[in-house]
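Undergrad: The structure that follows is given in the form of structure tokens.
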Amino acid sequence: MSEAALASSEAPKSPQERAAEAGAYVKDAANKIIHQAEKGPLPLRVVSFLGGVAMIAASIIDAIRGVWHGDIIHIMVSVYVCIFGAIICILEGAEFLPSWVITIQATLHDQARFLRFRWGRGVLFFFAGSLQFSHWSTLNTIVGGIMMVLGLISIGTGRRAADKLGQLRKSIPDENALQRNFTAHDSLNGFLSMHDFMTMVGSLGLEFGPNETEAAFAAIDKDNDGQISYEDFKQWWQGEIEGAPERYA
């Protein structure tokens, strides 16, 4: 290889070239995430948890770079992104983490109730992703862009789940039908598992996608214990009958 060719191959890429490469990567990753979240074997919750892990890793690398260059603002933003990444991991992956994390998750739900809902977590993903994206390095652009895409998907999933929950309410005309449907499908001695819930929804002629089922289930499961009691189910059903405003799931 000639010296000219070698120099050309080793020449640093311009910011525009790096941005174009990062943009192409984010677009390709976004298409894969959309397919994975809607049709693939991994639930949106798992993909979001992995995104939170990536945010933490990228922000730590970025903070080290900020320390090396003495950039205080860069360090502060990296710390904020790292905190948001940790919060996302707690919200989406409590089952993958030590049991004491569930207590922190419950506190987050109590202090910021919108985080109980898929759409609310989607807003968090988009905000945290845009903050990371603003650092404008290849790694931050990729991870931040993916989290922004996950945020939009989560908001859309929550909206669709809320619409289908409205259809579910309308398909149960009275409290007798409510109790009859609940009792016919509870396999946990007075509680519905997510599988029970999915079966019940199907028996009423409704079709929820996997992520819509998860979002709808979480919206009804008020105490976030992974199962729906009859009281949870009744309170959710009465909320619409009494004219409570429809909320995203």
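Letters A, B, ... mark the chains of the structure tokens in the order given; residue numbers begin at 1 per chain; ligand numbers begin at 1, in order shown.
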Would you please extract all helix (DSSP H, G or I) residues from segment 67-247 of chain A, as assigned by DSSP on the backbone, and give them as an MDAnalysis selection string?
TA: chainID A and resid 67:69 72:92 94:96 101:111 113:116 118:133 138:170 175:185 194:203 210:220 230:241
Undergrad: Generate the output file for the selected residues, C-alpha atoms, as a tab-separated table (two decimals), in the first residue's frame.
TA:
```tsv
chain	number	residue	atom	x	y	z
A	67	VAL	CA	-12.59	14.31	33.71
A	68	TRP	CA	-9.66	13.84	31.32
A	69	HIS	CA	-10.52	17.10	29.52
A	72	ILE	CA	-17.33	20.08	34.37
A	73	ILE	CA	-20.56	20.49	32.39
A	74	HIS	CA	-19.81	17.33	30.42
A	75	ILE	CA	-19.24	15.44	33.67
A	76	MET	CA	-22.48	16.74	35.21
A	77	VAL	CA	-24.59	15.77	32.22
A	78	SER	CA	-22.97	12.33	32.18
A	79	VAL	CA	-23.86	11.88	35.86
A	80	TYR	CA	-27.49	12.86	35.17
A	81	VAL	CA	-27.67	10.41	32.26
A	82	CYS	CA	-26.19	7.68	34.46
A	83	ILE	CA	-28.85	8.35	37.13
A	84	PHE	CA	-31.62	8.22	34.53
A	85	GLY	CA	-30.19	4.97	33.18
A	86	ALA	CA	-30.22	3.48	36.69
A	87	ILE	CA	-33.83	4.59	37.20
A	88	ILE	CA	-34.82	2.98	33.90
A	89	CYS	CA	-33.14	-0.28	34.95
A	90	ILE	CA	-35.01	-0.24	38.27
A	91	LEU	CA	-38.35	0.48	36.60
A	92	GLU	CA	-38.00	-2.11	33.86
A	94	ALA	CA	-36.66	-5.31	39.04
A	95	GLU	CA	-36.99	-9.05	38.40
A	96	PHE	CA	-33.40	-9.18	37.11
A	101	VAL	CA	-34.69	-3.00	44.27
A	102	ILE	CA	-38.46	-3.63	44.34
A	103	THR	CA	-38.70	-1.26	47.33
A	104	ILE	CA	-37.00	1.48	45.32
A	105	GLN	CA	-39.30	0.77	42.38
A	106	ALA	CA	-42.36	1.10	44.64
A	107	THR	CA	-41.04	4.42	45.96
A	108	LEU	CA	-40.54	5.71	42.42
A	109	HIS	CA	-44.11	4.70	41.55
A	110	ASP	CA	-45.44	6.46	44.65
A	111	GLN	CA	-43.47	9.67	44.11
A	113	ARG	CA	-47.17	7.97	39.58
A	114	PHE	CA	-46.89	8.47	35.83
A	115	LEU	CA	-43.96	6.03	35.89
A	116	ARG	CA	-46.42	3.19	36.66
A	118	ARG	CA	-45.95	2.50	29.92
A	119	TRP	CA	-46.55	5.92	28.34
A	120	GLY	CA	-45.00	7.65	31.38
A	121	ARG	CA	-41.87	5.57	31.21
A	122	GLY	CA	-41.78	6.30	27.48
A	123	VAL	CA	-41.63	10.03	28.24
A	124	LEU	CA	-38.72	9.34	30.61
A	125	PHE	CA	-36.91	7.27	27.96
A	126	PHE	CA	-37.30	10.01	25.36
A	127	PHE	CA	-36.12	12.76	27.71
A	128	ALA	CA	-33.13	10.80	28.99
A	129	GLY	CA	-32.24	9.69	25.47
A	130	SER	CA	-32.38	13.24	24.11
A	131	LEU	CA	-30.13	14.42	26.96
A	132	GLN	CA	-27.58	11.76	26.06
A	133	PHE	CA	-27.99	12.40	22.34
A	138	THR	CA	-20.82	8.53	18.23
A	139	LEU	CA	-21.58	6.37	21.28
A	140	ASN	CA	-23.92	8.89	22.87
A	141	THR	CA	-25.72	9.50	19.58
A	142	ILE	CA	-26.31	5.77	19.12
A	143	VAL	CA	-27.46	4.99	22.67
A	144	GLY	CA	-29.42	8.23	23.06
A	145	GLY	CA	-31.09	7.78	19.68
A	146	ILE	CA	-32.12	4.22	20.53
A	147	MET	CA	-33.62	5.35	23.86
A	148	MET	CA	-35.58	8.08	22.09
A	149	VAL	CA	-36.99	5.47	19.71
A	150	LEU	CA	-37.87	3.22	22.66
A	151	GLY	CA	-39.60	6.18	24.26
A	152	LEU	CA	-41.79	6.77	21.22
A	153	ILE	CA	-42.61	3.06	20.98
A	154	SER	CA	-43.54	2.98	24.68
A	155	ILE	CA	-45.82	6.00	24.35
A	156	GLY	CA	-47.55	4.43	21.36
A	157	THR	CA	-47.88	1.07	23.14
A	158	GLY	CA	-49.44	2.79	26.15
A	159	ARG	CA	-51.93	4.61	23.95
A	160	ARG	CA	-52.99	1.42	22.17
A	161	ALA	CA	-53.26	-0.45	25.48
A	162	ALA	CA	-55.48	2.31	26.89
A	163	ASP	CA	-57.77	2.10	23.87
A	164	LYS	CA	-58.07	-1.67	24.25
A	165	LEU	CA	-58.70	-1.37	27.99
A	166	GLY	CA	-61.61	0.87	27.05
A	167	GLN	CA	-62.92	-1.90	24.78
A	168	LEU	CA	-62.48	-4.41	27.61
A	169	ARG	CA	-64.55	-2.27	29.96
A	170	LYS	CA	-67.35	-2.00	27.41
A	175	GLU	CA	-70.63	-6.47	38.04
A	176	ASN	CA	-72.02	-9.99	37.75
A	177	ALA	CA	-70.28	-10.37	34.40
A	178	LEU	CA	-67.15	-8.86	35.91
A	179	GLN	CA	-67.04	-11.42	38.73
A	180	ARG	CA	-67.99	-14.28	36.42
A	181	ASN	CA	-65.16	-13.52	33.99
A	182	PHE	CA	-62.65	-13.05	36.79
A	183	THR	CA	-63.57	-16.29	38.58
A	184	ALA	CA	-63.56	-18.28	35.34
A	185	HIS	CA	-59.94	-17.39	34.66
A	194	MET	CA	-50.67	-12.15	33.22
A	195	HIS	CA	-51.40	-15.38	31.35
A	196	ASP	CA	-54.84	-15.55	32.99
A	197	PHE	CA	-55.50	-11.97	31.98
A	198	MET	CA	-54.48	-12.67	28.39
A	199	THR	CA	-56.76	-15.73	28.29
A	200	MET	CA	-59.69	-13.76	29.70
A	201	VAL	CA	-59.21	-10.96	27.18
A	202	GLY	CA	-59.16	-13.50	24.36
A	203	SER	CA	-62.34	-15.15	25.62
A	210	PRO	CA	-47.66	-8.95	24.09
A	211	ASN	CA	-46.52	-5.44	25.00
A	212	GLU	CA	-50.10	-4.12	25.09
A	213	THR	CA	-50.99	-6.98	27.46
A	214	GLU	CA	-48.09	-6.07	29.71
A	215	ALA	CA	-49.01	-2.37	29.70
A	216	ALA	CA	-52.71	-3.07	30.33
A	217	PHE	CA	-51.92	-5.58	33.10
A	218	ALA	CA	-49.64	-3.08	34.86
A	219	ALA	CA	-52.32	-0.38	34.64
A	220	ILE	CA	-54.82	-2.60	36.52
A	230	TYR	CA	-60.58	-9.04	42.20
A	231	GLU	CA	-60.50	-5.73	44.10
A	232	ASP	CA	-57.92	-4.35	41.64
A	233	PHE	CA	-60.07	-5.52	38.75
A	234	LYS	CA	-63.26	-4.10	40.20
A	235	GLN	CA	-61.70	-0.72	41.00
A	236	TRP	CA	-60.35	-0.44	37.46
A	237	TRP	CA	-63.74	-1.38	35.97
A	238	GLN	CA	-65.66	1.05	38.19
A	239	GLY	CA	-63.27	3.84	37.31
A	240	GLU	CA	-64.72	4.01	33.80
A	241	ILE	CA	-68.33	3.44	34.92
```
Undergrad: Please report, as a PyMOL selection string, each residue of segment 104-237 of chain A to which DSSP assigns strand (DSSP E or B) when run on this structure's backbone.
TA: chain A and resi 191-192+228-229
Undergrad: With distances taken over only C-alpha atoms, which of A:Ser137, A:Ile64, A:Asp71, A:Phe117 is nearest to Arg45 of chain A?
TA: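 Using only C-alpha atoms, Arg45 of chain A sits closest to A:Phe117.
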Undergrad: Just give me the gap between atom CA of Ser99 of chain A and atom CA of Ile56 of chain A in Å, one decimal is fine.
TA: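 These atoms are spaced 20.5 Å apart.
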